[in-house]
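Visitor: Before we start, here is the structure in question, set down as structure tokens.
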Amino acid sequence: MAALQQPSGRRGKRLGAVPKLGESRDLMVAKPGRDSPMLYCGKRMAERLIHEILPVGMLACNCSIVGDPETGEALVIDPGDEVERVLGLLARHKLKVLAIVSTHAHIDHVGGLAKLHRATGAPVLMHADDLDLYRALPLQARWLGVEPPETIEVDGFLRDGDDVCWGGFRARVLHTPGHSRGSLSLYLPADLPEPGSDGVKALRLATPRLFAGDTLFAGSIGRTDLWGGSLDDILRSIHQKLLILPEQTIVYPGHGPASTIGEEKQSNPFLVTR
Ligand SMILES: [Zn+2]
Ligand SMILES: [Zn+2]
């Protein structure tokens, strides 16, 4: 499904009306309420990072591999498809996956969860508010006219304000509903100097990064006409949780090119008029 709001008059391939989510009982999914995992939160911040971005699947969902070359630990975000390519890159960098995070449960972002989990043993994490969407994967597949991918039990739920830690990294979970109810963004801040330090070691990870899923795109925002979508919610999420981040923050959207918070604040047509 096209993920972003299209400027008027330029619609891509037309799909049928969005079908209603039904109850599907044949899928094993953990119940909300389980504690969010604190994977490993050490004090050391990574000095370098490996960041591979692979557009995967027919909708070219940006899957990110973020690894710490020192510890060999990695986070994989949105393995929507083409898990062999993801595994190939992990092997090339000698990375072990500590966790797999879904920014939301649209099929183009979660299609490879089961395969990657089986290959790596890493826990699958998402926001609990997108469980119904994940349960409805067969319906999403039918709507798109594709084979339904294998599904899997979700290992843990991420909430707003949680930290996800791996290697020397600590990313903050931002619940940013609007594109879907359980859409989340992951914010990886720069390695700021400790108060009183001489600044020599400051800013080793010089630029903060935001993994925005289908909430914020370069020059657009996520579409809100799918299950649980809300224009009010997505605008509130973006204004209150994303645009307050440092302007130099690099935004990695779920599709298309990267941007920065500053750039989007200045020129995103869906945001500047408000
Ligand atoms: Zn998408
Ligand atoms: Zn989406």
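Residue numbers start at 1 in each chain; chains themselves are named A, B, ... in the order of the structure tokens; ligands are numbered from 1 in the order shown.
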List all protein, DNA and RNA residues that have at least one atom no more than 12 Å from any atom of ligand 2, counting only C-alpha atoms and all ligand atoms, and write them as a compact mmCIF listing (two decimals) with N, CA and C atoms, in the first residue's frame.

Guide:
```txt
# COMPACT_ATOMS: atom_id res chain seq x y z
N MET A 1 0.85 -1.19 0.00
CA MET A 1 0.00 0.00 0.00
C MET A 1 0.87 1.23 0.00
N ALA A 2 0.53 2.16 -0.84
CA ALA A 2 1.30 3.40 -0.81
C ALA A 2 1.20 3.95 0.60
N ALA A 3 2.30 4.44 1.11
CA ALA A 3 2.33 4.76 2.51
C ALA A 3 2.08 6.22 2.81
N LEU A 4 2.27 7.05 1.80
CA LEU A 4 2.22 8.46 2.12
C LEU A 4 1.02 9.16 1.51
N GLN A 5 0.76 10.33 2.05
CA GLN A 5 -0.30 11.15 1.49
C GLN A 5 0.20 11.63 0.14
N LEU A 59 6.80 -2.85 -2.15
CA LEU A 59 6.49 -1.46 -1.79
C LEU A 59 7.74 -0.73 -1.31
N ALA A 60 8.90 -1.38 -1.43
CA ALA A 60 10.18 -0.76 -1.10
C ALA A 60 10.18 -0.15 0.30
N CYS A 61 9.85 -0.97 1.27
CA CYS A 61 9.91 -0.53 2.66
C CYS A 61 11.38 -0.45 3.08
N ASN A 62 11.76 0.68 3.66
CA ASN A 62 13.14 0.83 4.12
C ASN A 62 13.37 0.01 5.38
N ASP A 78 11.91 -2.96 10.84
CA ASP A 78 11.02 -3.16 9.69
C ASP A 78 11.54 -4.11 8.60
N GLY A 80 10.47 -6.00 6.23
CA GLY A 80 9.20 -6.26 5.56
C GLY A 80 9.23 -7.44 4.62
N SER A 102 9.28 -3.43 14.87
CA SER A 102 8.38 -2.99 13.81
C SER A 102 7.85 -1.61 14.16
N THR A 103 7.99 -0.67 13.23
CA THR A 103 7.44 0.66 13.49
C THR A 103 5.91 0.63 13.47
N HIS A 104 5.34 -0.33 12.72
CA HIS A 104 3.90 -0.54 12.71
C HIS A 104 3.62 -1.82 11.94
N ALA A 105 2.38 -2.28 11.98
CA ALA A 105 2.09 -3.63 11.51
C ALA A 105 1.49 -3.70 10.12
N HIS A 106 1.77 -2.73 9.26
CA HIS A 106 1.38 -2.90 7.86
C HIS A 106 2.24 -3.97 7.22
N ILE A 107 1.65 -4.68 6.29
CA ILE A 107 2.27 -5.88 5.73
C ILE A 107 3.66 -5.60 5.14
N ASP A 108 3.85 -4.42 4.55
CA ASP A 108 5.14 -4.15 3.93
C ASP A 108 6.26 -3.96 4.96
N HIS A 109 5.89 -3.81 6.25
CA HIS A 109 6.89 -3.62 7.31
C HIS A 109 7.07 -4.87 8.17
N VAL A 110 6.10 -5.77 8.14
CA VAL A 110 6.16 -6.93 9.05
C VAL A 110 6.22 -8.28 8.33
N GLY A 111 6.24 -8.25 7.00
CA GLY A 111 6.18 -9.50 6.25
C GLY A 111 7.32 -10.46 6.54
N ASP A 130 -0.96 -2.02 17.68
CA ASP A 130 -1.00 -2.52 16.30
C ASP A 130 -1.18 -4.03 16.21
N LEU A 133 -3.88 -5.12 13.83
CA LEU A 133 -3.41 -5.01 12.45
C LEU A 133 -2.53 -6.20 12.09
N TYR A 134 -1.67 -6.60 13.03
CA TYR A 134 -0.80 -7.74 12.76
C TYR A 134 -1.61 -9.02 12.62
N GLN A 140 -4.83 -8.03 5.08
CA GLN A 140 -4.01 -7.03 4.38
C GLN A 140 -3.47 -7.60 3.08
N PRO A 177 0.98 7.71 16.99
CA PRO A 177 -0.18 7.20 16.28
C PRO A 177 -0.68 8.16 15.20
N GLY A 178 -1.44 7.62 14.28
CA GLY A 178 -2.02 8.45 13.21
C GLY A 178 -2.02 7.71 11.89
N HIS A 179 -0.88 7.16 11.50
CA HIS A 179 -0.83 6.31 10.30
C HIS A 179 -1.47 4.96 10.65
N SER A 180 -1.18 4.50 11.83
CA SER A 180 -1.91 3.39 12.44
C SER A 180 -1.93 3.70 13.93
N ARG A 181 -2.76 2.95 14.69
CA ARG A 181 -2.86 3.28 16.13
C ARG A 181 -1.56 3.02 16.86
N GLY A 182 -0.87 1.96 16.44
CA GLY A 182 0.35 1.59 17.17
C GLY A 182 1.63 2.02 16.49
N SER A 183 1.57 2.99 15.60
CA SER A 183 2.79 3.45 14.93
C SER A 183 3.76 4.01 15.96
N LEU A 184 5.01 3.65 15.81
CA LEU A 184 6.03 4.22 16.69
C LEU A 184 7.22 4.68 15.88
N ALA A 212 11.39 6.83 11.44
CA ALA A 212 10.06 7.42 11.55
C ALA A 212 8.94 6.53 11.03
N GLY A 213 9.28 5.32 10.58
CA GLY A 213 8.23 4.46 10.03
C GLY A 213 7.46 5.20 8.94
N ASP A 214 6.16 5.01 8.88
CA ASP A 214 5.35 5.70 7.87
C ASP A 214 4.66 6.93 8.47
N THR A 215 5.24 7.51 9.51
CA THR A 215 4.64 8.70 10.11
C THR A 215 5.09 9.97 9.39
N LEU A 216 6.41 10.12 9.22
CA LEU A 216 6.94 11.33 8.58
C LEU A 216 7.84 10.93 7.42
N PHE A 217 7.59 11.55 6.27
CA PHE A 217 8.40 11.30 5.07
C PHE A 217 9.07 12.60 4.63
N ILE A 221 3.61 13.13 4.72
CA ILE A 221 3.31 12.44 5.98
C ILE A 221 2.58 11.14 5.63
N GLY A 222 2.43 10.27 6.60
CA GLY A 222 1.79 8.98 6.34
C GLY A 222 0.33 9.13 5.98
N ARG A 223 -0.15 8.21 5.15
CA ARG A 223 -1.57 8.25 4.81
C ARG A 223 -2.38 7.83 6.04
N THR A 224 -3.59 8.32 6.11
CA THR A 224 -4.39 8.10 7.32
C THR A 224 -5.74 7.47 7.01
N ASP A 225 -5.88 6.94 5.78
CA ASP A 225 -7.17 6.35 5.40
C ASP A 225 -7.18 4.84 5.59
N LEU A 226 -6.12 4.29 6.19
CA LEU A 226 -6.10 2.85 6.45
C LEU A 226 -6.59 2.59 7.86
N TRP A 227 -6.60 1.32 8.24
CA TRP A 227 -7.17 0.90 9.53
C TRP A 227 -6.59 1.70 10.70
N GLY A 228 -7.45 2.35 11.44
CA GLY A 228 -7.01 3.07 12.63
C GLY A 228 -6.30 4.38 12.35
N GLY A 229 -6.29 4.80 11.10
CA GLY A 229 -5.61 6.04 10.74
C GLY A 229 -6.39 7.27 11.19
N PRO A 253 12.67 7.66 6.88
CA PRO A 253 11.27 7.26 6.79
C PRO A 253 11.14 5.80 6.35
N GLY A 254 9.92 5.29 6.45
CA GLY A 254 9.64 3.92 6.06
C GLY A 254 9.72 3.68 4.55
N HIS A 255 9.70 4.74 3.79
CA HIS A 255 9.83 4.64 2.33
C HIS A 255 10.53 5.91 1.84
```

Visitor: Enumerate as a PyMOL selection string all residues of range 93-273 of chain A assigned to strand (DSSP E or B) by DSSP on the backbone, naming them with the chain letters and numbers the document uses.

Guide: chain A and resi 96-101+124-126+156-157+163-166+169-175+184-188+209-213+216-217+220-222+250-253+259-260

Visitor: Emit the selected residues as a PDB file, in the first residue's frame, including C-alpha atoms.

Guide:
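Generated output (part-v9.pdb):
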```
ATOM      1  CA  LYS A  96      24.141 -10.589  15.830  1.00  0.00           C
ATOM      2  CA  VAL A  97      20.560  -9.336  15.984  1.00  0.00           C
ATOM      3  CA  LEU A  98      19.505  -8.426  19.507  1.00  0.00           C
ATOM      4  CA  ALA A  99      15.973  -7.346  18.642  1.00  0.00           C
ATOM      5  CA  ILE A 100      13.649  -6.806  15.701  1.00  0.00           C
ATOM      6  CA  VAL A 101      11.441  -3.712  15.936  1.00  0.00           C
ATOM      7  CA  VAL A 124      10.050  -9.286  17.827  1.00  0.00           C
ATOM      8  CA  LEU A 125       8.854  -6.017  19.343  1.00  0.00           C
ATOM      9  CA  MET A 126       6.058  -3.639  18.391  1.00  0.00           C
ATOM     10  CA  GLY A 156       7.206  -7.918  23.642  1.00  0.00           C
ATOM     11  CA  PHE A 157       5.479  -4.580  23.478  1.00  0.00           C
ATOM     12  CA  ASP A 163      14.448   2.622  25.798  1.00  0.00           C
ATOM     13  CA  VAL A 164      15.645  -0.054  23.431  1.00  0.00           C
ATOM     14  CA  CYS A 165      19.300  -0.808  24.019  1.00  0.00           C
ATOM     15  CA  TRP A 166      21.798  -2.824  22.048  1.00  0.00           C
ATOM     16  CA  PHE A 169      23.189   2.377  21.693  1.00  0.00           C
ATOM     17  CA  ARG A 170      20.080   3.487  23.462  1.00  0.00           C
ATOM     18  CA  ALA A 171      17.085   4.506  21.375  1.00  0.00           C
ATOM     19  CA  ARG A 172      13.921   6.086  22.741  1.00  0.00           C
ATOM     20  CA  VAL A 173      10.514   4.769  21.718  1.00  0.00           C
ATOM     21  CA  LEU A 174       8.093   7.517  20.644  1.00  0.00           C
ATOM     22  CA  HIS A 175       4.489   6.420  20.228  1.00  0.00           C
ATOM     23  CA  LEU A 184       6.026   4.222  16.689  1.00  0.00           C
ATOM     24  CA  SER A 185       9.219   6.072  15.894  1.00  0.00           C
ATOM     25  CA  LEU A 186      12.646   5.312  17.320  1.00  0.00           C
ATOM     26  CA  TYR A 187      14.929   8.181  18.254  1.00  0.00           C
ATOM     27  CA  LEU A 188      18.645   7.580  18.543  1.00  0.00           C
ATOM     28  CA  ARG A 209      18.743   9.763  13.977  1.00  0.00           C
ATOM     29  CA  LEU A 210      15.030   9.165  13.821  1.00  0.00           C
ATOM     30  CA  PHE A 211      13.457   6.026  12.402  1.00  0.00           C
ATOM     31  CA  ALA A 212      10.060   7.424  11.549  1.00  0.00           C
ATOM     32  CA  GLY A 213       8.228   4.463  10.033  1.00  0.00           C
ATOM     33  CA  LEU A 216       6.943  11.331   8.584  1.00  0.00           C
ATOM     34  CA  PHE A 217       8.403  11.302   5.073  1.00  0.00           C
ATOM     35  CA  SER A 220       5.012  14.203   3.102  1.00  0.00           C
ATOM     36  CA  ILE A 221       3.310  12.437   5.980  1.00  0.00           C
ATOM     37  CA  GLY A 222       1.792   8.980   6.342  1.00  0.00           C
ATOM     38  CA  ILE A 250      18.340  12.723  10.256  1.00  0.00           C
ATOM     39  CA  VAL A 251      14.908  11.295   9.510  1.00  0.00           C
ATOM     40  CA  TYR A 252      14.821   7.803   8.008  1.00  0.00           C
ATOM     41  CA  PRO A 253      11.266   7.258   6.789  1.00  0.00           C
ATOM     42  CA  SER A 259      15.519  14.051   5.377  1.00  0.00           C
ATOM     43  CA  THR A 260      16.106  16.107   8.502  1.00  0.00           C
TER      44      THR A 260
END
```

Visitor: Quick one: everything within 6 Å of range 54-57 of chain A, counting only C-alpha atoms, minus sequence neighbours fewer than 6 positions away in the same chain. Send it as a tab-separated table (two decimals) with N, CA and C atoms, in the first residue's frame.

Guide:
```
chain	number	residue	atom	x	y	z
A	63	CYS	N	14.12	-1.07	5.24
A	63	CYS	CA	14.52	-1.85	6.41
A	63	CYS	C	15.88	-1.33	6.84
A	81	ASP	N	10.42	-7.72	4.07
A	81	ASP	CA	10.54	-8.77	3.05
A	81	ASP	C	12.03	-8.98	2.79
A	82	GLU	N	12.34	-9.88	1.87
A	82	GLU	CA	13.73	-10.11	1.43
A	82	GLU	C	14.68	-10.37	2.60
```

Visitor: Rank nothing, just name the residue among A:Ala206, A:Glu52, A:Leu87, A:Met58 nearest to ligand 1, using only C-alpha atoms and all ligand atoms.

Guide: A:Met58

Visitor: Kindly give the distance, in Å, that separates CA of Glu70 in chain A and CA of Leu49 in chain A, rounded to a single decimal.

Guide: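 Going from CA of Glu70 in chain A over to CA of Leu49 in chain A covers 8.8 Å.
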
Visitor: Name the closest residue to ligand 1 among the candidates A:Pro79, A:Asp129, A:Glu264, A:His117; distances are taken between atoms, counting only C-alpha atoms and all ligand atoms.

Guide: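 Looking at the shortest contact to ligand 1, the residue is A:Pro79.
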
Visitor: Pick out the closest residue to ligand 1 from this set: A:Ser267, A:Gly256, A:Ala136, A:Gly145. Count only C-alpha atoms and all ligand atoms.

Guide: A:Gly256
